file entry_34.txt (compact mmCIF, C-alpha atoms and all ligand atoms)
# COMPACT_ATOMS: atom_id res chain seq x y z
CA MET A 32 0.00 0.00 0.00
CA ILE A 33 1.01 3.59 -0.63
CA ASP A 34 2.16 5.48 2.46
CA GLU A 35 -1.00 6.32 4.46
CA GLU A 36 -0.21 10.04 4.56
CA GLU A 37 0.02 10.20 0.76
CA ARG A 38 -3.34 8.55 0.16
CA ALA A 39 -6.14 10.68 -1.32
CA ILE A 40 -8.43 9.78 1.54
CA TYR A 41 -6.20 11.65 4.00
CA THR A 42 -5.64 14.78 1.90
CA GLY A 43 -8.87 16.29 3.32
CA ASP A 44 -6.81 17.12 6.40
CA HIS A 45 -4.83 19.62 4.30
CA CYS A 46 -7.91 21.75 3.53
CA LEU A 47 -7.41 25.44 4.38
CA SER A 48 -11.04 26.40 3.73
CA CYS A 49 -9.89 28.84 1.06
CA THR A 50 -13.01 28.12 -1.12
CA SER A 51 -11.02 28.06 -4.37
CA CYS A 52 -12.64 24.70 -5.20
CA MET A 53 -16.09 26.24 -4.74
CA ALA A 54 -15.30 29.14 -7.04
CA ASN A 55 -14.15 26.68 -9.72
CA CYS A 56 -16.93 24.09 -9.43
CA PRO A 57 -19.14 24.30 -12.55
CA VAL A 58 -21.99 22.39 -10.88
CA MET A 59 -22.07 24.77 -7.92
CA ALA A 60 -22.50 27.69 -10.31
CA ALA A 61 -25.38 25.93 -12.09
CA ALA A 62 -27.23 24.15 -9.25
CA LYS A 63 -28.25 26.15 -6.19
CA ASP A 64 -28.91 23.02 -4.09
CA TYR A 65 -25.31 21.78 -4.32
CA ARG A 66 -23.43 22.67 -1.14
CA GLY A 67 -20.14 22.52 -3.03
CA PRO A 68 -16.80 20.69 -2.94
CA LYS A 69 -15.38 22.21 0.25
CA LEU A 70 -18.33 21.25 2.42
CA VAL A 71 -19.04 17.93 0.77
CA ALA A 72 -15.53 16.56 0.26
CA PRO A 73 -12.92 17.63 2.87
CA ALA A 74 -15.24 18.93 5.59
CA HIS A 75 -18.12 16.48 5.56
CA GLY A 76 -16.03 13.73 4.04
CA ARG A 77 -13.84 13.31 7.09
CA MET A 78 -16.89 13.14 9.35
CA HIS A 79 -18.53 10.71 6.96
CA PHE A 80 -15.68 8.26 7.13
CA ALA A 81 -15.91 8.39 10.92
CA GLU A 82 -19.67 7.96 11.31
CA ASP A 83 -22.67 6.67 9.42
CA ASP A 84 -23.72 9.98 7.94
CA THR A 85 -24.11 11.20 4.38
CA GLU A 86 -24.32 14.65 2.86
CA LEU A 87 -27.01 14.08 0.24
CA SER A 88 -26.03 16.97 -2.04
CA LEU A 89 -22.98 14.82 -2.87
CA ASP A 90 -25.27 13.45 -5.61
CA PHE A 91 -24.69 16.67 -7.58
CA CYS A 92 -20.94 16.14 -8.07
CA SER A 93 -20.09 15.18 -11.65
CA ASN A 94 -16.45 14.15 -10.98
CA CYS A 95 -15.26 16.76 -13.50
CA LYS A 96 -12.19 17.32 -11.25
CA SER A 97 -12.12 21.12 -11.66
CA CYS A 98 -11.94 21.36 -7.85
CA ASP A 99 -8.81 19.19 -7.68
CA ARG A 100 -7.03 21.46 -10.12
CA ALA A 101 -8.10 24.57 -8.19
CA CYS A 102 -6.99 23.35 -4.76
CA PRO A 103 -3.72 24.93 -3.57
CA SER A 104 -3.32 22.25 -0.87
CA GLY A 105 -3.51 19.17 -3.07
CA VAL A 106 -6.79 17.93 -1.61
CA ALA A 107 -8.15 15.13 -3.84
CA VAL A 108 -11.62 16.69 -3.61
CA SER A 109 -13.40 14.78 -6.38
CA THR A 110 -11.90 11.46 -5.24
CA LEU A 111 -13.14 12.06 -1.70
CA ASN A 112 -16.58 12.62 -3.22
CA MET A 113 -16.43 9.41 -5.25
CA LEU A 114 -15.27 7.42 -2.22
CA GLN A 115 -18.19 8.79 -0.22
CA ARG A 116 -20.60 7.99 -3.04
CA GLY A 117 -19.28 4.42 -3.19
CA GLU A 118 -19.72 4.10 0.58
CA TYR A 119 -23.30 5.41 0.33
CA TYR A 120 -24.21 2.81 -2.29
CA ARG A 121 -22.77 -0.02 -0.22
CA LYS A 122 -25.73 0.60 2.09
CA HIS A 123 -28.39 1.89 -0.31
CA PRO A 124 -29.90 0.45 -3.50
CA HIS A 125 -28.85 1.89 -6.87
CA PRO A 126 -31.50 3.38 -9.14
CA GLN A 127 -32.13 1.20 -12.23
CA ARG A 128 -31.02 4.13 -14.39
CA ASP A 129 -27.57 4.14 -12.77
CA ASP A 130 -27.26 0.39 -13.30
CA MET A 131 -27.76 0.97 -17.04
CA LEU A 132 -25.39 3.94 -17.25
CA ALA A 133 -22.68 2.24 -15.22
CA HIS A 134 -22.69 -1.00 -17.18
CA ALA A 135 -22.45 0.20 -20.77
CA GLU A 136 -19.70 -2.36 -21.45
CA ARG A 137 -21.90 -5.25 -20.28
CA MET A 138 -24.74 -4.11 -22.58
CA ALA A 139 -22.38 -3.57 -25.54
CA LYS A 140 -20.95 -7.10 -25.16
CA LEU A 141 -24.45 -8.55 -25.08
CA VAL A 142 -25.59 -6.57 -28.13
CA ASN A 143 -22.49 -7.60 -30.10
CA ALA A 144 -22.95 -11.26 -29.21
CA LEU A 145 -26.38 -11.41 -30.89
CA PRO A 146 -26.89 -11.76 -34.66
CA LEU A 147 -27.82 -8.28 -36.03
CA GLY A 148 -27.67 -7.18 -32.39
CA THR A 149 -26.27 -3.70 -33.09
CA THR A 150 -28.85 -2.99 -35.82
CA PHE A 151 -31.76 -3.96 -33.56
CA ALA A 152 -30.28 -2.18 -30.55
CA ASN A 153 -29.86 1.08 -32.53
CA LEU A 154 -33.39 0.83 -33.84
CA GLY A 155 -34.69 0.00 -30.37
CA MET A 156 -32.93 3.05 -28.87
CA LYS A 157 -34.54 5.34 -31.48
CA ILE A 158 -38.01 3.90 -30.91
CA GLY A 159 -37.45 3.90 -27.14
CA LYS A 160 -36.53 7.58 -27.25
CA ASN A 161 -39.62 8.49 -29.27
CA LEU A 162 -41.89 6.54 -26.94
CA GLY A 163 -40.34 8.18 -23.87
CA VAL A 164 -38.98 4.87 -22.49
CA PHE A 165 -35.60 6.33 -21.47
CA ASP A 166 -37.31 9.29 -19.87
CA SER A 167 -39.44 6.96 -17.73
CA LEU A 168 -36.25 5.18 -16.61
CA GLY A 169 -34.67 8.44 -15.46
CA ILE A 170 -32.49 9.05 -18.53
CA ALA A 171 -32.78 12.47 -20.18
CA GLY A 172 -35.26 12.03 -23.04
CA GLU A 173 -33.63 14.92 -24.91
CA ARG A 174 -30.44 12.91 -25.44
CA ASP A 175 -29.62 10.43 -28.16
CA MET A 176 -27.97 7.32 -26.75
CA PRO A 177 -24.67 6.63 -28.56
CA ALA A 178 -25.28 4.30 -31.50
CA TYR A 179 -23.39 1.00 -31.71
CA ALA A 180 -21.01 0.58 -34.64
CA SER A 181 -21.75 -2.37 -36.94
CA SER A 182 -18.38 -3.90 -36.01
CA THR A 183 -16.19 -3.39 -32.96
CA PHE A 184 -12.72 -1.88 -33.02
CA ALA A 185 -11.32 -5.32 -32.12
CA GLN A 186 -12.92 -6.74 -35.29
CA GLU A 187 -11.66 -3.84 -37.42
CA PHE A 188 -8.21 -4.15 -35.90
CA ARG A 189 -7.86 -7.76 -37.05
CA LYS A 190 -8.35 -6.61 -40.65
CA ILE A 191 -5.54 -4.01 -40.55
CA LYS A 192 -2.25 -5.07 -42.14
CA GLN A 193 0.43 -3.27 -40.17
CA PRO A 194 4.13 -3.16 -40.97
CA SER A 195 5.90 -5.04 -38.17
CA SER A 196 8.26 -3.02 -36.04
CA ASP A 197 10.48 -3.39 -32.96
CA LYS A 198 8.77 -0.28 -31.63
CA LYS A 199 5.38 -1.23 -30.19
CA VAL A 200 2.53 0.28 -28.19
CA VAL A 201 -0.55 -1.39 -26.77
CA PHE A 202 -3.72 0.52 -27.64
CA TYR A 203 -6.37 0.82 -24.93
CA PRO A 204 -9.57 1.59 -26.91
CA GLY A 205 -12.02 1.81 -24.00
CA CYS A 206 -15.74 1.09 -24.48
CA SER A 207 -16.56 4.12 -26.60
CA ILE A 208 -13.98 3.44 -29.32
CA ASN A 209 -14.46 -0.31 -29.20
CA TYR A 210 -18.24 -0.31 -29.48
CA ASN A 211 -19.32 3.10 -30.81
CA GLU A 212 -16.50 4.83 -32.69
CA PRO A 213 -14.02 2.19 -33.96
CA HIS A 214 -12.88 4.56 -36.74
CA ILE A 215 -11.02 6.58 -34.08
CA GLY A 216 -9.00 3.51 -33.13
CA VAL A 217 -8.31 2.80 -36.81
CA ALA A 218 -7.07 6.40 -37.18
CA PHE A 219 -4.79 5.88 -34.16
CA VAL A 220 -3.25 2.76 -35.73
CA LYS A 221 -2.61 4.69 -38.95
CA VAL A 222 -0.89 7.52 -37.06
CA MET A 223 1.28 5.15 -35.04
CA ASN A 224 2.24 3.14 -38.14
CA ALA A 225 3.22 6.41 -39.87
CA ASN A 226 5.51 7.05 -36.90
CA GLY A 227 7.18 3.65 -37.13
CA TYR A 228 5.19 1.91 -34.38
CA GLU A 229 3.30 -1.34 -34.51
CA VAL A 230 0.08 -1.29 -32.49
CA LEU A 231 -0.96 -4.24 -30.31
CA LEU A 232 -4.40 -4.88 -28.89
CA ASP A 233 -4.90 -6.66 -25.59
CA GLU A 234 -8.46 -7.95 -25.41
CA ALA A 235 -8.04 -8.95 -21.76
CA PHE A 236 -8.47 -5.28 -20.79
CA ASN A 237 -11.96 -4.30 -19.67
CA CYS A 238 -13.81 -0.99 -19.20
CA CYS A 239 -11.59 1.43 -17.26
CA GLY A 240 -14.35 1.68 -14.64
CA SER A 241 -15.03 5.41 -14.89
CA PRO A 242 -18.83 4.95 -15.40
CA LEU A 243 -18.85 2.61 -12.38
CA VAL A 244 -16.97 5.03 -10.13
CA VAL A 245 -19.25 7.99 -10.87
CA THR A 246 -22.39 5.97 -10.18
CA GLY A 247 -21.06 4.54 -6.92
CA TYR A 248 -20.21 0.97 -7.98
CA LEU A 249 -16.83 1.27 -6.32
CA ASP A 250 -16.22 -2.40 -5.56
CA GLU A 251 -16.89 -3.37 -9.18
CA ALA A 252 -14.63 -0.54 -10.34
CA HIS A 253 -11.93 -1.95 -8.06
CA GLU A 254 -12.22 -5.34 -9.77
CA HIS A 255 -11.83 -3.63 -13.17
CA ALA A 256 -8.83 -1.74 -11.84
CA GLU A 257 -7.12 -4.91 -10.61
CA ASN A 258 -7.55 -6.62 -13.97
CA ASN A 259 -6.38 -3.59 -15.98
CA VAL A 260 -3.42 -2.91 -13.71
CA GLU A 261 -2.29 -6.52 -14.07
CA ARG A 262 -2.43 -6.12 -17.89
CA ILE A 263 -0.59 -2.77 -17.86
CA LEU A 264 2.17 -4.22 -15.67
CA TYR A 265 2.44 -7.25 -17.96
CA TRP A 266 3.20 -4.87 -20.87
CA LYS A 267 5.39 -2.66 -18.73
CA ARG A 268 7.67 -5.62 -17.93
CA GLN A 269 8.19 -5.98 -21.70
CA GLY A 270 8.92 -2.26 -22.11
CA ILE A 271 5.72 -1.63 -24.08
CA PRO A 272 3.64 1.43 -23.16
CA VAL A 273 -0.16 1.50 -23.09
CA VAL A 274 -1.75 4.38 -25.00
CA ALA A 275 -5.36 5.60 -24.98
CA CYS A 276 -7.28 8.07 -27.14
CA CYS A 277 -10.03 8.78 -24.56
CA THR A 278 -8.89 11.25 -21.92
CA SER A 279 -11.23 9.86 -19.23
CA CYS A 280 -9.95 6.29 -19.77
CA SER A 281 -6.33 7.40 -19.66
CA LEU A 282 -6.91 9.47 -16.49
CA MET A 283 -8.54 6.50 -14.78
CA LEU A 284 -5.69 4.14 -15.71
CA ARG A 285 -2.86 6.54 -14.92
CA LYS A 286 -4.13 8.39 -11.85
CA GLU A 287 -7.59 7.66 -10.51
CA TYR A 288 -7.03 3.97 -9.66
CA GLU A 289 -4.21 4.94 -7.36
CA GLU A 290 -6.15 7.81 -5.80
CA LEU A 291 -9.26 5.71 -5.21
CA PHE A 292 -7.75 2.43 -4.11
CA GLY A 293 -4.28 3.42 -2.92
CA GLU A 294 -2.32 0.38 -4.12
CA GLU A 295 1.35 0.69 -5.01
CA THR A 296 0.90 -1.44 -8.16
CA MET A 297 -1.64 1.10 -9.45
CA LYS A 298 0.91 3.88 -9.13
CA GLU A 299 3.46 1.72 -10.94
CA ALA A 300 1.00 0.85 -13.73
CA GLY A 301 -0.05 4.50 -14.13
CA GLU A 302 3.52 5.38 -15.11
CA ASN A 303 3.18 3.15 -18.20
CA VAL A 304 -0.01 4.82 -19.53
CA TYR A 305 -0.07 7.71 -21.98
CA ASP A 306 -2.61 9.81 -23.78
CA ALA A 307 -2.20 9.44 -27.58
CA PHE A 308 -1.13 13.04 -28.23
CA GLU A 309 1.07 13.08 -25.16
CA PHE A 310 2.92 10.10 -26.63
CA LEU A 311 3.26 11.83 -30.01
CA GLU A 312 4.50 14.97 -28.29
CA MET A 313 7.18 12.88 -26.55
CA LEU A 314 8.25 11.51 -29.93
CA ASP A 315 8.34 15.06 -31.25
CA GLY A 316 10.54 16.13 -28.32
CA GLU A 317 13.04 13.41 -29.32
CA GLY A 318 12.90 14.53 -32.97
CA LYS A 319 11.16 11.27 -33.91
CA PHE A 320 7.72 12.55 -34.90
CA ASN A 321 6.95 12.06 -38.60
CA THR A 322 6.25 15.54 -39.97
CA LYS A 323 5.54 14.43 -43.55
CA LEU A 324 1.96 15.65 -43.40
CA ALA A 325 -0.31 16.80 -46.20
CA PRO A 326 -1.72 20.35 -45.98
CA VAL A 327 -4.93 20.64 -44.00
CA ASN A 328 -5.78 24.35 -44.45
CA GLU A 329 -8.53 24.40 -41.85
CA ARG A 330 -9.37 26.44 -38.78
CA PHE A 331 -10.13 24.27 -35.72
CA ILE A 332 -11.71 25.12 -32.41
CA TYR A 333 -10.48 22.79 -29.68
CA HIS A 334 -12.35 21.99 -26.47
CA VAL A 335 -9.84 20.67 -23.93
CA PRO A 336 -11.64 18.01 -21.80
CA CYS A 337 -11.60 18.51 -18.02
CA HIS A 338 -10.05 15.07 -17.58
CA LEU A 339 -7.15 15.99 -19.87
CA LYS A 340 -6.59 19.11 -17.77
CA ALA A 341 -6.68 16.93 -14.64
CA ALA A 342 -3.89 14.76 -16.08
CA GLY A 343 -1.62 17.83 -15.94
CA ILE A 344 0.06 17.20 -19.30
CA GLY A 345 -0.81 20.49 -21.00
CA THR A 346 -2.37 20.50 -24.47
CA PRO A 347 -0.27 18.12 -26.60
CA VAL A 348 -2.86 18.32 -29.43
CA VAL A 349 -1.95 21.98 -29.92
CA SER A 350 1.76 21.28 -30.11
CA ILE A 351 1.32 18.39 -32.58
CA PHE A 352 -1.11 20.36 -34.76
CA ARG A 353 1.63 23.00 -35.21
CA HIS A 354 3.18 20.49 -37.65
CA LEU A 355 0.00 20.33 -39.76
CA PRO A 356 0.49 22.64 -42.74
CA GLY A 357 -2.29 25.22 -42.94
CA ALA A 358 -3.98 24.19 -39.66
CA LYS A 359 -4.95 26.88 -37.15
CA VAL A 360 -6.07 25.80 -33.68
CA GLU A 361 -8.02 28.07 -31.38
CA LEU A 362 -8.71 26.96 -27.79
CA ALA A 363 -12.38 27.19 -26.84
CA ASP A 364 -11.29 28.02 -23.28
CA ALA A 365 -14.88 28.01 -22.04
CA GLY A 366 -14.69 25.64 -19.05
CA CYS A 367 -16.46 22.33 -18.55
CA CYS A 368 -18.89 21.15 -21.25
CA GLY A 369 -21.28 19.90 -18.53
CA MET A 370 -21.52 16.31 -19.77
CA SER A 371 -18.96 14.67 -17.45
CA GLY A 372 -19.29 11.09 -18.65
CA ASN A 373 -22.78 9.81 -17.91
CA TYR A 374 -23.78 12.79 -15.68
CA GLY A 375 -25.55 14.70 -18.47
CA PHE A 376 -27.54 11.58 -19.39
CA LYS A 377 -29.34 11.65 -16.04
CA LYS A 378 -32.80 13.15 -16.35
CA ASP A 379 -32.46 15.09 -13.08
CA LYS A 380 -29.04 16.48 -14.14
CA TYR A 381 -29.84 17.34 -17.76
CA GLU A 382 -30.73 21.01 -17.13
CA ILE A 383 -27.62 21.50 -14.97
CA SER A 384 -25.48 19.86 -17.62
CA MET A 385 -26.84 22.12 -20.37
CA LYS A 386 -26.53 25.23 -18.20
CA ILE A 387 -22.84 24.43 -17.56
CA GLY A 388 -22.29 23.94 -21.30
CA GLU A 389 -23.87 27.27 -22.35
CA LYS A 390 -20.59 29.19 -22.38
CA LEU A 391 -18.87 26.55 -24.50
CA PHE A 392 -21.79 26.29 -26.92
CA SER A 393 -21.82 30.08 -27.49
CA ARG A 394 -18.06 30.12 -27.93
CA ILE A 395 -18.13 27.33 -30.52
CA LYS A 396 -21.01 28.89 -32.45
CA ALA A 397 -19.33 32.31 -32.47
CA ALA A 398 -15.97 30.87 -33.59
CA ASN A 399 -17.58 29.40 -36.73
CA ALA A 400 -14.51 27.20 -37.29
CA ASP A 401 -14.21 24.60 -40.05
CA ASP A 402 -14.10 21.79 -37.48
CA VAL A 403 -14.57 21.28 -33.74
CA ILE A 404 -12.03 18.91 -32.21
CA CYS A 405 -12.06 17.24 -28.81
CA ASP A 406 -10.46 14.06 -27.45
CA CYS A 407 -13.29 13.00 -25.09
CA PRO A 408 -16.29 11.05 -26.47
CA THR A 409 -18.90 12.40 -24.06
CA CYS A 410 -17.70 16.02 -24.48
CA ARG A 411 -18.16 15.49 -28.24
CA MET A 412 -21.71 14.23 -27.65
CA GLN A 413 -22.50 17.28 -25.53
CA ILE A 414 -20.99 19.70 -28.08
CA LYS A 415 -22.96 18.06 -30.88
CA HIS A 416 -26.14 18.27 -28.79
CA GLY A 417 -25.59 21.91 -27.80
CA THR A 418 -24.25 23.30 -31.08
CA GLN A 419 -25.50 20.97 -33.85
CA THR A 420 -21.89 20.66 -35.07
CA GLU A 421 -20.10 17.34 -35.72
CA PRO A 422 -17.01 17.36 -33.50
CA CYS A 423 -14.30 14.81 -34.20
CA HIS A 424 -11.27 13.41 -32.40
CA PRO A 425 -8.04 15.23 -33.34
CA ILE A 426 -6.39 11.88 -34.18
CA GLU A 427 -8.82 11.61 -37.13
CA ILE A 428 -7.48 14.87 -38.57
CA LEU A 429 -3.89 13.76 -38.09
CA ALA A 430 -4.55 10.34 -39.68
CA LYS A 431 -6.01 12.01 -42.79
CA ALA A 432 -2.89 14.13 -43.14
CA TYR A 433 -0.69 11.01 -43.30
CA GLN A 434 -1.38 10.00 -46.88
S1 LIG B 501 -15.61 17.19 -9.31
FE1 LIG B 501 -16.51 18.92 -10.44
S2 LIG B 501 -18.68 18.88 -9.82
FE2 LIG B 501 -17.57 17.62 -8.32
S3 LIG B 501 -17.11 19.04 -6.67
FE3 LIG B 501 -15.34 18.99 -8.03
S4 LIG B 501 -15.64 20.74 -9.42
FE4 LIG B 501 -17.62 20.30 -8.45
S1 LIG B 502 -9.54 24.48 -2.64
FE1 LIG B 502 -8.62 22.89 -1.34
S2 LIG B 502 -7.91 23.99 0.49
FE2 LIG B 502 -9.36 25.36 -0.57
S3 LIG B 502 -11.37 24.89 0.37
FE3 LIG B 502 -11.20 23.57 -1.41
S4 LIG B 502 -10.35 21.66 -0.62
FE4 LIG B 502 -9.98 23.20 0.95

call {"tool": "encode", "arguments": {"input": "entry_34.txt", "output": "structure tokens"}}
result
Amino acid sequence: MIDEEERAIYTGDHCLSCTSCMANCPVMAAAKDYRGPKLVAPAHGRMHFAEDDTELSLDFCSNCKSCDRACPSGVAVSTLNMLQRGEYYRKHPHPQRDDMLAHAERMAKLVNALPLGTTFANLGMKIGKNLGVFDSLGIAGERDMPAYASSTFAQEFRKIKQPSSDKKVVFYPGCSINYNEPHIGVAFVKVMNANGYEVLLDEAFNCCGSPLVVTGYLDEAHEHAENNVERILYWKRQGIPVVACCTSCSLMLRKEYEELFGEETMKEAGENVYDAFEFLEMLDGEGKFNTKLAPVNERFIYHVPCHLKAAGIGTPVVSIFRHLPGAKVELADAGCCGMSGNYGFKKDKYEISMKIGEKLFSRIKAANADDVICDCPTCRMQIKHGTQTEPCHPIEILAKAYQ
């Protein structure tokens, strides 16, 4: 185990009551009933772990992690909230809605195992939306559920003929790329091949556990963490890094496991996990990034996901896009999009989610760029919903430029 004093659970003791977390919490600004990170996490959190008592406004926290970044004392505010939420649901039943949102991987596996399963599931989701079925289950009826792709990334991956190389990375697709947007994973393989890397896929990985953590299924998330950490360490022993294109997956693998569960192996595994553009930026720093790129001649507006900011690795997309001839990247710089994983799908959080996103929506509409780029799948869903644009992952743009 990590030294007790270093564990996230004890960082509440470092709180100075400065309220910086409260000033930076997007939910607090949008929902008057939320008592805010300072009261819910460090203050009430410490009492909660000592007695059987729960601050119910904890339910408002979206785990966006803006509070963690704002805290001058290093209090792991959002993690304290998620630990409290997990503790609450050890003693209370989960709503059926949360069971569905937390177990997207389970549903996707089932749908993909059935003949024509994805076709029927997509049709069923459309009909279900029109009949108000999701709404009656507590899922925001205004939202479209993400459609399943006709084949998974794993299936697409097997069809790709890659040049073999001594330089290898393991790609962690996560549920969204594997089941909904496999083309993003295909684009990643193309980019890595263009940079002299062979991409491996390890199908023993499972969902990173982020949807489980935010809905309070902490023990299940722990099981996912143990499996994934074992896989990451297996690759680490062979000197092969694990790379992800989804910023919430990569944050979970590299940082949140350790913060939530405090095991030394999680810290060790986290050191072998990279975000895709972070990895490319490292190559660039060593003069090994392939800059033979076709002109793009487009103006992009880039929404930096909160979970990329929480990783503390800057904006590697911006530095890599500097190599794209004719590309201009503008940062949206408009705060959280409000979606925060499955938070914006909850019927009772929909209005809050949209209110948080207003600033970003206005910024994107006013920018009138050729393309909106963002490396988080649920941020892209929220931007599409709030602006009627079609955001894409920046790796797709880069892949197109490698002809
Ligand atoms: S994680 Fe986000 S919503 Fe939750 S308390 Fe922190 S800033 Fe607020
Ligand atoms: S920002 Fe940190 S130190 Fe300040 S009130 Fe919040 S938790 Fe406490």

call {"tool": "atom_distance", "arguments": {"input": "entry_34.txt", "atom1": "CA of Gly293 (chain A)", "atom2": "CA of Arg38 (chain A)"}}
result
6.1 Å

call {"tool": "residues_around", "arguments": {"input": "entry_34.txt", "residues": "Leu339 (chain A)", "least_positions_apart": "3", "cutoff": "8 Å", "atoms": "only C-alpha atoms", "output": "ChimeraX atom specification"}}
result
/A:278-279,282,335-336,342-345

call {"tool": "residues_near_ligand", "arguments": {"input": "entry_34.txt", "ligand": "ligand LIG 502 (chain B)", "cutoff": "12 Å", "atoms": "all atoms listed in the file", "output": "number ranges by chain"}}
result
A: 39, 41-56, 67-77, 96-112

call {"tool": "closest_residue", "arguments": {"input": "entry_34.txt", "among": "A:Tyr333, A:Tyr65, A:Phe376, A:Phe292", "to": "ligand LIG 501 (chain B)", "atoms": "only C-alpha atoms and all ligand atoms"}}
result
A:Tyr65

call {"tool": "residues_around", "arguments": {"input": "entry_34.txt", "residues": "region 392-402 of chain A", "least_positions_apart": "6", "cutoff": "8 Å", "atoms": "all atoms listed in the file", "output": "mmCIF file with C-alpha atoms, in the frame of the given file"}}
result
data_model
loop_
_atom_site.group_PDB
_atom_site.id
_atom_site.type_symbol
_atom_site.label_atom_id
_atom_site.label_comp_id
_atom_site.auth_asym_id
_atom_site.auth_seq_id
_atom_site.Cartn_x
_atom_site.Cartn_y
_atom_site.Cartn_z
ATOM 1 C CA GLU A 329 -8.530 24.400 -41.850
ATOM 2 C CA ARG A 330 -9.370 26.440 -38.780
ATOM 3 C CA PHE A 331 -10.130 24.270 -35.720
ATOM 4 C CA ILE A 332 -11.710 25.120 -32.410
ATOM 5 C CA ALA A 363 -12.380 27.190 -26.840
ATOM 6 C CA ALA A 365 -14.880 28.010 -22.040
ATOM 7 C CA ILE A 414 -20.990 19.700 -28.080
ATOM 8 C CA GLY A 417 -25.590 21.910 -27.800
ATOM 9 C CA THR A 418 -24.250 23.300 -31.080
ATOM 10 C CA GLU A 421 -20.100 17.340 -35.720
ATOM 11 C CA PRO A 422 -17.010 17.360 -33.500
ATOM 12 C CA CYS A 423 -14.300 14.810 -34.200
#

call {"tool": "atom_distance", "arguments": {"input": "entry_34.txt", "atom1": "CA of Pro425 (chain A)", "atom2": "CA of Cys405 (chain A)"}}
result
6.4 Å

call {"tool": "closest_residue", "arguments": {"input": "entry_34.txt", "among": "A:Glu173, A:Asp130, A:Ala178, A:Lys190", "to": "Thr149 (chain A)", "atoms": "all atoms listed in the file"}}
result
A:Ala178

call {"tool": "residues_around", "arguments": {"input": "entry_34.txt", "residues": "Thr246 (chain A)", "least_positions_apart": "3", "cutoff": "9 Å", "atoms": "only C-alpha atoms", "output": "JSON, numbers by chain"}}
result
{"A": [113, 116, 117, 120, 125, 129, 130, 132, 133, 241, 242, 243, 249, 373, 374]}

call {"tool": "closest_residue", "arguments": {"input": "entry_34.txt", "among": "A:Met138, A:Ile271, A:Cys95, A:Met412", "to": "ligand LIG 501 (chain B)", "atoms": "all atoms listed in the file"}}
result
A:Cys95

call {"tool": "atom_distance", "arguments": {"input": "entry_34.txt", "atom1": "CA of Val201 (chain A)", "atom2": "CA of Trp266 (chain A)"}}
result
7.8 Å

call {"tool": "residues_around", "arguments": {"input": "entry_34.txt", "residues": "Gly369 (chain A)", "least_positions_apart": "3", "cutoff": "9 Å", "atoms": "all atoms listed in the file", "output": "PyMOL selection string"}}
result
chain A and resi 57-58+93+95+366+374-375+381+383-389+410+413

call {"tool": "write_last_selection", "arguments": {"input": "entry_34.txt", "atoms": "C-alpha atoms", "output": "PDB file, in the frame of the given file"}}
result
ATOM      1  CA  PRO A  57     -19.140  24.300 -12.550  1.00  0.00           C
ATOM      2  CA  VAL A  58     -21.990  22.390 -10.880  1.00  0.00           C
ATOM      3  CA  SER A  93     -20.090  15.180 -11.650  1.00  0.00           C
ATOM      4  CA  CYS A  95     -15.260  16.760 -13.500  1.00  0.00           C
ATOM      5  CA  GLY A 366     -14.690  25.640 -19.050  1.00  0.00           C
ATOM      6  CA  TYR A 374     -23.780  12.790 -15.680  1.00  0.00           C
ATOM      7  CA  GLY A 375     -25.550  14.700 -18.470  1.00  0.00           C
ATOM      8  CA  TYR A 381     -29.840  17.340 -17.760  1.00  0.00           C
ATOM      9  CA  ILE A 383     -27.620  21.500 -14.970  1.00  0.00           C
ATOM     10  CA  SER A 384     -25.480  19.860 -17.620  1.00  0.00           C
ATOM     11  CA  MET A 385     -26.840  22.120 -20.370  1.00  0.00           C
ATOM     12  CA  LYS A 386     -26.530  25.230 -18.200  1.00  0.00           C
ATOM     13  CA  ILE A 387     -22.840  24.430 -17.560  1.00  0.00           C
ATOM     14  CA  GLY A 388     -22.290  23.940 -21.300  1.00  0.00           C
ATOM     15  CA  GLU A 389     -23.870  27.270 -22.350  1.00  0.00           C
ATOM     16  CA  CYS A 410     -17.700  16.020 -24.480  1.00  0.00           C
ATOM     17  CA  GLN A 413     -22.500  17.280 -25.530  1.00  0.00           C
TER      18      GLN A 413
END

call {"tool": "closest_residue", "arguments": {"input": "entry_34.txt", "among": "A:Asn321, A:Asn94, A:Asn259, A:Gln434", "to": "ligand LIG 501 (chain B)", "atoms": "only C-alpha atoms and all ligand atoms"}}
result
A:Asn94

call {"tool": "residues_near_point", "arguments": {"input": "entry_34.txt", "point": "(-28.9, -1.5, -34.0)", "cutoff": "12 Å", "atoms": "all atoms listed in the file", "output": "short mmCIF file (atom, residue, chain, number, x, y, z; two decimals) with C-alpha atoms, in the coordinates of the input"}}
result
data_model
loop_
_atom_site.label_atom_id
_atom_site.label_comp_id
_atom_site.auth_asym_id
_atom_site.auth_seq_id
_atom_site.Cartn_x
_atom_site.Cartn_y
_atom_site.Cartn_z
CA ALA A 139 -22.38 -3.57 -25.54
CA VAL A 142 -25.59 -6.57 -28.13
CA ASN A 143 -22.49 -7.60 -30.10
CA LEU A 145 -26.38 -11.41 -30.89
CA PRO A 146 -26.89 -11.76 -34.66
CA LEU A 147 -27.82 -8.28 -36.03
CA GLY A 148 -27.67 -7.18 -32.39
CA THR A 149 -26.27 -3.70 -33.09
CA THR A 150 -28.85 -2.99 -35.82
CA PHE A 151 -31.76 -3.96 -33.56
CA ALA A 152 -30.28 -2.18 -30.55
CA ASN A 153 -29.86 1.08 -32.53
CA LEU A 154 -33.39 0.83 -33.84
CA GLY A 155 -34.69 0.00 -30.37
CA MET A 156 -32.93 3.05 -28.87
CA LYS A 157 -34.54 5.34 -31.48
CA ILE A 158 -38.01 3.90 -30.91
CA MET A 176 -27.97 7.32 -26.75
CA PRO A 177 -24.67 6.63 -28.56
CA ALA A 178 -25.28 4.30 -31.50
CA TYR A 179 -23.39 1.00 -31.71
CA ALA A 180 -21.01 0.58 -34.64
CA SER A 181 -21.75 -2.37 -36.94
CA SER A 182 -18.38 -3.90 -36.01
CA TYR A 210 -18.24 -0.31 -29.48
CA ASN A 211 -19.32 3.10 -30.81
#
